[in-house]
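**Q** Below you'll find upload.pdb; it's PDB, C-alpha atoms.
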```pdb
MODEL        1
ATOM      1  CA  MET A   1      88.306 103.638 113.043  1.00  0.00           C
ATOM      2  CA  LEU A   2      90.827 103.149 115.848  1.00  0.00           C
ATOM      3  CA  ASN A   3      89.649 101.591 119.089  1.00  0.00           C
ATOM      4  CA  GLU A   4      90.512 103.240 122.409  1.00  0.00           C
ATOM      5  CA  LYS A   5      93.593 101.065 122.998  1.00  0.00           C
ATOM      6  CA  ASN A   6      95.083 101.887 119.583  1.00  0.00           C
ATOM      7  CA  LEU A   7      94.192 105.548 119.963  1.00  0.00           C
ATOM      8  CA  ASN A   8      96.047 105.722 123.290  1.00  0.00           C
ATOM      9  CA  TYR A   9      99.039 103.979 121.730  1.00  0.00           C
ATOM     10  CA  LEU A  10      99.039 106.487 118.871  1.00  0.00           C
ATOM     11  CA  LYS A  11      98.999 109.442 121.259  1.00  0.00           C
ATOM     12  CA  LYS A  12     101.785 107.950 123.376  1.00  0.00           C
ATOM     13  CA  SER A  13     104.002 107.174 120.354  1.00  0.00           C
ATOM     14  CA  LEU A  14     103.647 110.585 118.739  1.00  0.00           C
ATOM     15  CA  THR A  15     105.419 112.730 121.321  1.00  0.00           C
ATOM     16  CA  PHE A  16     104.256 115.905 119.588  1.00  0.00           C
ATOM     17  CA  TRP A  17     100.554 114.983 119.993  1.00  0.00           C
ATOM     18  CA  ASP A  18      99.729 117.597 122.639  1.00  0.00           C
ATOM     19  CA  LYS A  19     101.284 120.313 120.468  1.00  0.00           C
ATOM     20  CA  LEU A  20      98.742 119.727 117.682  1.00  0.00           C
ATOM     21  CA  PRO A  21      95.434 121.545 117.307  1.00  0.00           C
ATOM     22  CA  SER A  22      92.398 119.247 117.427  1.00  0.00           C
ATOM     23  CA  LEU A  23      91.886 119.581 113.652  1.00  0.00           C
ATOM     24  CA  GLU A  24      95.351 118.119 112.952  1.00  0.00           C
ATOM     25  CA  GLN A  25      94.903 115.431 115.605  1.00  0.00           C
ATOM     26  CA  ASN A  26      91.701 114.326 113.921  1.00  0.00           C
ATOM     27  CA  LYS A  27      93.387 114.265 110.529  1.00  0.00           C
ATOM     28  CA  ILE A  28      96.080 111.907 111.847  1.00  0.00           C
ATOM     29  CA  ILE A  29      93.458 109.651 113.450  1.00  0.00           C
ATOM     30  CA  GLU A  30      91.479 109.519 110.196  1.00  0.00           C
ATOM     31  CA  ASN A  31      94.638 108.546 108.298  1.00  0.00           C
ATOM     32  CA  THR A  32      95.794 105.827 110.714  1.00  0.00           C
ATOM     33  CA  LYS A  33      94.880 102.154 110.553  1.00  0.00           C
ATOM     34  CA  ASN A  34      95.709  99.007 112.489  1.00  0.00           C
ATOM     35  CA  ILE A  35      97.560  96.345 110.480  1.00  0.00           C
ATOM     36  CA  SER A  36      99.140  92.914 110.973  1.00  0.00           C
ATOM     37  CA  PHE A  37     102.178  91.445 109.203  1.00  0.00           C
ATOM     38  CA  SER A  38     103.215  87.794 109.208  1.00  0.00           C
ATOM     39  CA  LYS A  39     106.733  86.493 109.733  1.00  0.00           C
ATOM     40  CA  GLY A  40     108.531  86.383 106.378  1.00  0.00           C
ATOM     41  CA  ASP A  41     106.461  89.132 104.734  1.00  0.00           C
ATOM     42  CA  ASN A  42     108.306  91.732 102.690  1.00  0.00           C
ATOM     43  CA  ILE A  43     106.445  94.886 103.679  1.00  0.00           C
ATOM     44  CA  TYR A  44     108.528  97.399 101.744  1.00  0.00           C
ATOM     45  CA  SER A  45     110.751  97.390  98.654  1.00  0.00           C
ATOM     46  CA  PRO A  46     111.626  99.792  95.811  1.00  0.00           C
ATOM     47  CA  THR A  47     108.793  98.353  93.697  1.00  0.00           C
ATOM     48  CA  LYS A  48     106.088  98.713  96.347  1.00  0.00           C
ATOM     49  CA  LYS A  49     103.863 101.680  97.023  1.00  0.00           C
ATOM     50  CA  CYS A  50     104.847 103.944  99.911  1.00  0.00           C
ATOM     51  CA  LEU A  51     103.270 102.381 102.992  1.00  0.00           C
ATOM     52  CA  GLY A  52     103.333 105.172 105.552  1.00  0.00           C
ATOM     53  CA  ILE A  53     104.932 105.721 108.958  1.00  0.00           C
ATOM     54  CA  THR A  54     104.852 102.442 110.901  1.00  0.00           C
ATOM     55  CA  LEU A  55     104.361 102.400 114.663  1.00  0.00           C
ATOM     56  CA  ILE A  56     105.324  98.914 115.838  1.00  0.00           C
ATOM     57  CA  LYS A  57     103.145  97.816 118.733  1.00  0.00           C
ATOM     58  CA  LYS A  58     104.634  94.334 118.906  1.00  0.00           C
ATOM     59  CA  GLY A  59     106.932  92.355 116.627  1.00  0.00           C
ATOM     60  CA  GLU A  60     110.145  92.838 114.696  1.00  0.00           C
ATOM     61  CA  LEU A  61     111.127  94.321 111.320  1.00  0.00           C
ATOM     62  CA  ARG A  62     114.496  94.158 109.552  1.00  0.00           C
ATOM     63  CA  VAL A  63     115.708  97.011 107.348  1.00  0.00           C
ATOM     64  CA  TYR A  64     118.340  96.011 104.788  1.00  0.00           C
ATOM     65  CA  MET A  65     119.950  96.725 101.434  1.00  0.00           C
ATOM     66  CA  LEU A  66     120.232  94.158  98.653  1.00  0.00           C
ATOM     67  CA  SER A  67     123.022  93.985  96.058  1.00  0.00           C
ATOM     68  CA  LYS A  68     122.497  92.931  92.444  1.00  0.00           C
ATOM     69  CA  GLU A  69     124.201  89.649  93.329  1.00  0.00           C
ATOM     70  CA  GLY A  70     121.635  89.030  96.062  1.00  0.00           C
ATOM     71  CA  LYS A  71     123.839  89.813  99.083  1.00  0.00           C
ATOM     72  CA  GLU A  72     121.945  91.371 101.972  1.00  0.00           C
ATOM     73  CA  VAL A  73     123.340  93.959 104.380  1.00  0.00           C
ATOM     74  CA  THR A  74     121.199  94.506 107.471  1.00  0.00           C
ATOM     75  CA  LEU A  75     121.095  98.185 108.430  1.00  0.00           C
ATOM     76  CA  TYR A  76     119.130  97.755 111.666  1.00  0.00           C
ATOM     77  CA  ARG A  77     116.200  95.954 113.258  1.00  0.00           C
ATOM     78  CA  LEU A  78     113.083  97.474 114.789  1.00  0.00           C
ATOM     79  CA  LYS A  79     111.205  95.932 117.702  1.00  0.00           C
ATOM     80  CA  ASP A  80     108.313  96.568 120.113  1.00  0.00           C
ATOM     81  CA  ASN A  81     107.334 100.243 120.464  1.00  0.00           C
ATOM     82  CA  ASP A  82     109.724 101.366 117.742  1.00  0.00           C
ATOM     83  CA  ILE A  83     108.893 103.546 114.748  1.00  0.00           C
ATOM     84  CA  CYS A  84     109.828 102.963 111.113  1.00  0.00           C
ATOM     85  CA  MET A  85     110.099 106.098 108.972  1.00  0.00           C
ATOM     86  CA  LEU A  86     111.558 104.391 105.899  1.00  0.00           C
ATOM     87  CA  THR A  87     108.219 102.784 105.050  1.00  0.00           C
ATOM     88  CA  SER A  88     107.197 106.365 104.240  1.00  0.00           C
ATOM     89  CA  SER A  89     110.262 107.225 102.146  1.00  0.00           C
ATOM     90  CA  CYS A  90     107.997 108.957  99.602  1.00  0.00           C
ATOM     91  CA  ILE A  91     107.728 111.885 102.056  1.00  0.00           C
ATOM     92  CA  LEU A  92     111.450 111.811 102.887  1.00  0.00           C
ATOM     93  CA  GLU A  93     112.924 113.411  99.788  1.00  0.00           C
ATOM     94  CA  GLU A  94     116.532 112.885 100.910  1.00  0.00           C
ATOM     95  CA  ILE A  95     116.193 109.064 100.805  1.00  0.00           C
ATOM     96  CA  THR A  96     117.660 108.209  97.395  1.00  0.00           C
ATOM     97  CA  PHE A  97     118.840 104.623  97.977  1.00  0.00           C
ATOM     98  CA  ASP A  98     116.821 101.411  97.722  1.00  0.00           C
ATOM     99  CA  ILE A  99     115.902  99.687 100.964  1.00  0.00           C
ATOM    100  CA  TYR A 100     113.926  96.577 101.821  1.00  0.00           C
ATOM    101  CA  ILE A 101     111.987  95.817 104.990  1.00  0.00           C
ATOM    102  CA  ASP A 102     111.026  92.292 106.047  1.00  0.00           C
ATOM    103  CA  CYS A 103     108.930  91.072 108.922  1.00  0.00           C
ATOM    104  CA  GLU A 104     111.092  88.878 111.203  1.00  0.00           C
ATOM    105  CA  LYS A 105     108.268  88.042 113.646  1.00  0.00           C
ATOM    106  CA  ASN A 106     104.495  88.329 113.485  1.00  0.00           C
ATOM    107  CA  THR A 107     103.950  92.051 113.922  1.00  0.00           C
ATOM    108  CA  GLU A 108     101.091  94.295 115.012  1.00  0.00           C
ATOM    109  CA  ALA A 109     101.405  97.934 113.972  1.00  0.00           C
ATOM    110  CA  LEU A 110      99.669 101.203 113.277  1.00  0.00           C
ATOM    111  CA  ILE A 111     100.221 102.788 109.859  1.00  0.00           C
ATOM    112  CA  LEU A 112      99.999 106.546 109.366  1.00  0.00           C
ATOM    113  CA  ASN A 113      99.081 107.174 105.747  1.00  0.00           C
ATOM    114  CA  SER A 114     101.896 109.103 104.045  1.00  0.00           C
ATOM    115  CA  LEU A 115      99.725 111.392 101.943  1.00  0.00           C
ATOM    116  CA  GLY A 116      97.561 112.321 104.902  1.00  0.00           C
ATOM    117  CA  PHE A 117     100.639 113.023 107.002  1.00  0.00           C
ATOM    118  CA  TYR A 118     102.605 114.924 104.350  1.00  0.00           C
ATOM    119  CA  ASP A 119     100.485 118.075 104.532  1.00  0.00           C
ATOM    120  CA  LEU A 120     101.061 118.385 108.275  1.00  0.00           C
ATOM    121  CA  ILE A 121     104.866 118.217 108.144  1.00  0.00           C
ATOM    122  CA  SER A 122     105.387 121.625 106.559  1.00  0.00           C
ATOM    123  CA  LYS A 123     102.807 123.215 108.868  1.00  0.00           C
ATOM    124  CA  ASN A 124     104.046 121.979 112.227  1.00  0.00           C
ATOM    125  CA  VAL A 125     107.633 122.299 113.460  1.00  0.00           C
ATOM    126  CA  TYR A 126     107.018 119.693 116.196  1.00  0.00           C
ATOM    127  CA  ILE A 127     106.212 117.026 113.609  1.00  0.00           C
ATOM    128  CA  GLU A 128     109.231 118.050 111.552  1.00  0.00           C
ATOM    129  CA  ASN A 129     111.499 117.726 114.605  1.00  0.00           C
ATOM    130  CA  PHE A 130     109.961 114.362 115.472  1.00  0.00           C
ATOM    131  CA  ILE A 131     110.791 112.967 112.026  1.00  0.00           C
ATOM    132  CA  LEU A 132     114.279 114.487 112.105  1.00  0.00           C
ATOM    133  CA  LYS A 133     115.004 112.932 115.522  1.00  0.00           C
ATOM    134  CA  TYR A 134     114.091 109.423 114.408  1.00  0.00           C
ATOM    135  CA  THR A 135     115.886 109.807 111.088  1.00  0.00           C
ATOM    136  CA  ILE A 136     119.135 110.843 112.822  1.00  0.00           C
ATOM    137  CA  ASP A 137     118.829 108.012 115.347  1.00  0.00           C
ATOM    138  CA  LYS A 138     118.459 105.376 112.646  1.00  0.00           C
ATOM    139  CA  PHE A 139     121.210 106.967 110.536  1.00  0.00           C
ATOM    140  CA  SER A 140     123.550 106.479 113.496  1.00  0.00           C
ATOM    141  CA  LYS A 141     122.630 102.786 113.576  1.00  0.00           C
ATOM    142  CA  VAL A 142     123.290 102.504 109.843  1.00  0.00           C
ATOM    143  CA  MET A 143     126.735 104.057 110.240  1.00  0.00           C
ATOM    144  CA  TRP A 144     127.518 101.704 113.139  1.00  0.00           C
ATOM    145  CA  SER A 145     126.558  98.691 110.978  1.00  0.00           C
ATOM    146  CA  ILE A 146     128.729  99.889 108.096  1.00  0.00           C
ATOM    147  CA  GLU A 147     131.650 100.604 110.443  1.00  0.00           C
ATOM    148  CA  GLN A 148     131.506  97.045 111.762  1.00  0.00           C
ATOM    149  CA  ILE A 149     131.410  95.490 108.287  1.00  0.00           C
ATOM    150  CA  LEU A 150     134.243  97.644 106.915  1.00  0.00           C
ATOM    151  CA  PHE A 151     136.651  97.906 109.823  1.00  0.00           C
ATOM    152  CA  MET A 152     136.079  95.139 112.381  1.00  0.00           C
ATOM    153  CA  LYS A 153     137.347  91.578 112.385  1.00  0.00           C
ATOM    154  CA  PHE A 154     134.548  89.052 112.214  1.00  0.00           C
ATOM    155  CA  ASP A 155     135.127  87.564 115.669  1.00  0.00           C
ATOM    156  CA  ILE A 156     134.593  91.029 117.181  1.00  0.00           C
ATOM    157  CA  ARG A 157     131.452  91.643 115.085  1.00  0.00           C
ATOM    158  CA  LEU A 158     129.983  88.310 116.134  1.00  0.00           C
ATOM    159  CA  ALA A 159     130.838  88.934 119.802  1.00  0.00           C
ATOM    160  CA  ILE A 160     129.111  92.354 119.643  1.00  0.00           C
ATOM    161  CA  PHE A 161     126.044  90.776 118.056  1.00  0.00           C
ATOM    162  CA  LEU A 162     125.771  88.034 120.692  1.00  0.00           C
ATOM    163  CA  LEU A 163     126.199  90.489 123.562  1.00  0.00           C
ATOM    164  CA  ASP A 164     123.606  92.844 122.081  1.00  0.00           C
ATOM    165  CA  GLU A 165     121.134  89.970 121.723  1.00  0.00           C
ATOM    166  CA  CYS A 166     121.719  88.910 125.339  1.00  0.00           C
ATOM    167  CA  ASN A 167     121.083  92.459 126.543  1.00  0.00           C
ATOM    168  CA  THR A 168     117.989  92.920 124.382  1.00  0.00           C
ATOM    169  CA  LEU A 169     116.416  89.549 125.199  1.00  0.00           C
ATOM    170  CA  LYS A 170     117.654  89.563 128.822  1.00  0.00           C
ATOM    171  CA  THR A 171     118.833  85.958 128.577  1.00  0.00           C
ATOM    172  CA  ASP A 172     122.092  84.128 127.904  1.00  0.00           C
ATOM    173  CA  GLU A 173     120.283  81.557 125.755  1.00  0.00           C
ATOM    174  CA  ILE A 174     119.556  82.907 122.280  1.00  0.00           C
ATOM    175  CA  LYS A 175     117.082  81.106 120.005  1.00  0.00           C
ATOM    176  CA  ILE A 176     118.511  81.828 116.560  1.00  0.00           C
ATOM    177  CA  THR A 177     119.908  80.010 113.531  1.00  0.00           C
ATOM    178  CA  HIS A 178     123.317  80.531 111.953  1.00  0.00           C
ATOM    179  CA  GLU A 179     121.510  81.628 108.780  1.00  0.00           C
ATOM    180  CA  GLN A 180     119.691  84.390 110.654  1.00  0.00           C
ATOM    181  CA  ILE A 181     122.905  85.626 112.260  1.00  0.00           C
ATOM    182  CA  ALA A 182     124.560  85.721 108.823  1.00  0.00           C
ATOM    183  CA  LYS A 183     121.754  87.997 107.563  1.00  0.00           C
ATOM    184  CA  TYR A 184     122.021  90.290 110.559  1.00  0.00           C
ATOM    185  CA  VAL A 185     125.819  90.693 110.520  1.00  0.00           C
ATOM    186  CA  GLY A 186     126.283  90.736 106.731  1.00  0.00           C
ATOM    187  CA  SER A 187     128.286  87.548 106.322  1.00  0.00           C
ATOM    188  CA  ALA A 188     127.945  83.980 105.016  1.00  0.00           C
ATOM    189  CA  ARG A 189     126.374  81.199 107.066  1.00  0.00           C
ATOM    190  CA  GLU A 190     129.530  79.088 106.732  1.00  0.00           C
ATOM    191  CA  VAL A 191     131.653  81.888 108.209  1.00  0.00           C
ATOM    192  CA  VAL A 192     129.237  82.284 111.133  1.00  0.00           C
ATOM    193  CA  SER A 193     129.216  78.541 111.798  1.00  0.00           C
ATOM    194  CA  ARG A 194     133.022  78.318 111.788  1.00  0.00           C
ATOM    195  CA  MET A 195     133.391  81.214 114.211  1.00  0.00           C
ATOM    196  CA  LEU A 196     130.698  79.881 116.542  1.00  0.00           C
ATOM    197  CA  LYS A 197     132.442  76.502 116.528  1.00  0.00           C
ATOM    198  CA  TYR A 198     135.660  78.279 117.497  1.00  0.00           C
ATOM    199  CA  PHE A 199     133.811  80.108 120.301  1.00  0.00           C
ATOM    200  CA  GLU A 200     132.524  76.733 121.493  1.00  0.00           C
ATOM    201  CA  GLN A 201     136.036  75.252 121.509  1.00  0.00           C
ATOM    202  CA  GLU A 202     137.144  78.245 123.600  1.00  0.00           C
ATOM    203  CA  ASN A 203     134.310  77.527 126.088  1.00  0.00           C
ATOM    204  CA  ILE A 204     132.586  80.846 125.326  1.00  0.00           C
ATOM    205  CA  VAL A 205     129.325  79.392 123.995  1.00  0.00           C
ATOM    206  CA  LYS A 206     127.495  76.087 123.899  1.00  0.00           C
ATOM    207  CA  LEU A 207     125.769  75.253 120.623  1.00  0.00           C
ATOM    208  CA  ALA A 208     122.575  73.295 120.059  1.00  0.00           C
ATOM    209  CA  ARG A 209     120.155  73.169 117.148  1.00  0.00           C
ATOM    210  CA  GLY A 210     118.656  76.651 116.775  1.00  0.00           C
ATOM    211  CA  THR A 211     120.150  77.780 120.093  1.00  0.00           C
ATOM    212  CA  ILE A 212     123.333  79.502 121.293  1.00  0.00           C
ATOM    213  CA  LYS A 213     123.998  79.603 125.031  1.00  0.00           C
ATOM    214  CA  ILE A 214     126.580  82.069 126.312  1.00  0.00           C
ATOM    215  CA  ILE A 215     128.543  80.275 129.041  1.00  0.00           C
ATOM    216  CA  ASN A 216     131.392  82.769 129.506  1.00  0.00           C
ATOM    217  CA  LYS A 217     130.195  86.330 128.942  1.00  0.00           C
ATOM    218  CA  GLU A 218     133.393  87.866 130.339  1.00  0.00           C
ATOM    219  CA  LYS A 219     135.469  86.051 127.740  1.00  0.00           C
ATOM    220  CA  LEU A 220     133.116  87.302 125.048  1.00  0.00           C
ATOM    221  CA  LYS A 221     133.429  90.879 126.339  1.00  0.00           C
ATOM    222  CA  LYS A 222     137.226  90.662 126.180  1.00  0.00           C
ATOM    223  CA  LEU A 223     136.978  90.040 122.429  1.00  0.00           C
ATOM    224  CA  VAL A 224     135.099  93.314 122.072  1.00  0.00           C
TER     225      VAL A 224
ENDMDL
END
```
Just give me the structure of the file as C-alpha cells.

**A**
Amino acid sequence: MLNEKNLNYLKKSLTFWDKLPSLEQNKIIENTKNISFSKGDNIYSPTKKCLGITLIKKGELRVYMLSKEGKEVTLYRLKDNDICMLTSSCILEEITFDIYIDCEKNTEALILNSLGFYDLISKNVYIENFILKYTIDKFSKVMWSIEQILFMKFDIRLAIFLLDECNTLKTDEIKITHEQIAKYVGSAREVVSRMLKYFEQENIVKLARGTIKIINKEKLKKLV
C-alpha cells in the first residue's frame, strides 16, 4: 500500500491522472509499489522479467545497448523525477531490440506493474498519449546519441558531455571518473584520458583524481 507521500508523487507524475475514472485510478494504485535500487544494480536486461513503468523519485539510471564483444553504447540517462518506459518493454510491442538498464546511483522509485497497466492502455486515450509522448522524447535522445557517435569528432563529443554535465549539476566541478565518461560517450577510457589531458594542456579543464574542473567554459563552447 502506498503512503500519502508516494500517492501524491504518483498523481503528480501521471499527468493523465485527473482524466481517469476512480475505478482506473484505484487499479493503478493497487498495481504500484515503492522500490529501492542500489548503485551498480542491473535492473533490466533481455533475460529479466518485465519490470513495469518506473517513476524515478530520486537517483539515476543508465539505458544502454551491449554488443556481443562487450562494448556498451549509452542511449541516455534518467534522473530525479524522470520516467522509464523501457523497463516495461513487454507492453511496448514496437521495442524489438535488446536494452540494458543499470543503476548509476542509489535510486528510489515507484513501479507500475506492467500487466496491471496493460489493460488500461487500450481503454484510455490519455494514457496512450502519455506513453507515446515519453517514447518519442527518449527516441529523440537515442538519435542524438547515435548522431554524436557516428558523425562528430571526439573532442566535440567530449566538450558537449562536459557542458551538459555542468548545466545539469549546476557546477563547474564534476565528480566523475574517466571510465564513467567512456561508458556515457561510447568510447574507450584511454581515448577519454588522452583528450582530457589535451584539454588540460589547453587550459580548458583542471584534472584531479575523480574530478574534472572546467576553468574556461568559453573555450569549451567554441569547440562545440

**Q** Might you pull out every residue within 12 Å of Arg194 (chain A), with only C-alpha atoms counted and same-chain residues fewer than 4 positions away left off, and present them as number ranges by chain?

**A** A: 154-155, 158, 178, 182, 187-190, 198-201, 207

**Q** Could you tell me which residues the PyMOL selection byres ((chain A and resi 45-58) around 7) returns for this structure, as a ChimeraX atom specification?

**A** /A:44,59,79-85,87-90,98-101,107-114

**Q** Have a look at CA of Phe161 (chain A) and CA of Gly40 (chain A) and let me know their distance in Å, one decimal.

**A**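 Going from CA of Phe161 (chain A) over to CA of Gly40 (chain A) covers 21.5 Å.
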
**Q** To test your reading of the syntax: which residues would the PyMOL selection byres ((chain A and resi 206) around 12) return for the file shown? Reply as number ranges by chain.

**A** A: 172-174, 196-205, 207-217

**Q** Which residue out of A:Thr74, A:Leu120, A:Glu128, A:Leu86 has the minimum interatomic distance to Leu23 (chain A) when all atoms listed in the file are used?

**A**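 Of A:Thr74, A:Leu120, A:Glu128, A:Leu86, the one nearest Leu23 (chain A), counting all atoms listed in the file, is A:Leu120.
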
**Q** Taking into account all atoms listed in the file, which residue in the set A:Leu14, A:Ile146, A:Leu2, A:Val224 is nearest to Leu75 (chain A)?

**A**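 For Leu75 (chain A), the nearest of the given residues is A:Ile146.
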
**Q** Residues picked by the PyMOL selection byres ((chain A and resi 30) around 12) here, as a list in words?

**A** Met1, Leu2, Leu7, Leu10, Leu23, Glu24, Gln25, Asn26, Lys27, Ile28, Ile29, Asn31, Thr32, Lys33, Asn34, Ile111, Leu112, Asn113, Leu115, Gly116 and Phe117 of chain A

**Q** To one decimal in Å, tell me the separation between CA of Asn3 (chain A) and CA of Ile121 (chain A).

**A**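 About the pair CA of Asn3 (chain A) and CA of Ile121 (chain A): they are 25.1 Å apart.
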
**Q** In Å, rounded to a single decimal, give me how far CA of Met65 (chain A) is from CA of Trp144 (chain A).

**A**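 Calculated distance between CA of Trp144 (chain A) and CA of Met65 (chain A) is 14.8 Å.
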
**Q** So that I can see what lies close to Leu223 (chain A), please list as a ChimeraX atom specification the residues with an atom at most 7 Å from it, counting only C-alpha atoms and leaving out residues fewer than 4 positions away in the same chain.

**A** /A:156,159,219

**Q** Looking at only C-alpha atoms, which of A:Glu4, A:Glu60, A:Asp102, A:Asp137 is the one that sits closest to Asn42 (chain A)?

**A**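 Checking each of A:Glu4, A:Glu60, A:Asp102, A:Asp137 against Asn42 (chain A), counting only C-alpha atoms, the winner is A:Asp102.
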
**Q** Counting only C-alpha atoms, which residue out of A:Asp164, A:Glu147, A:Glu104, A:Asp41 sits closest to Arg62 (chain A)?

**A**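 For Arg62 (chain A), the nearest of the given residues is A:Glu104.
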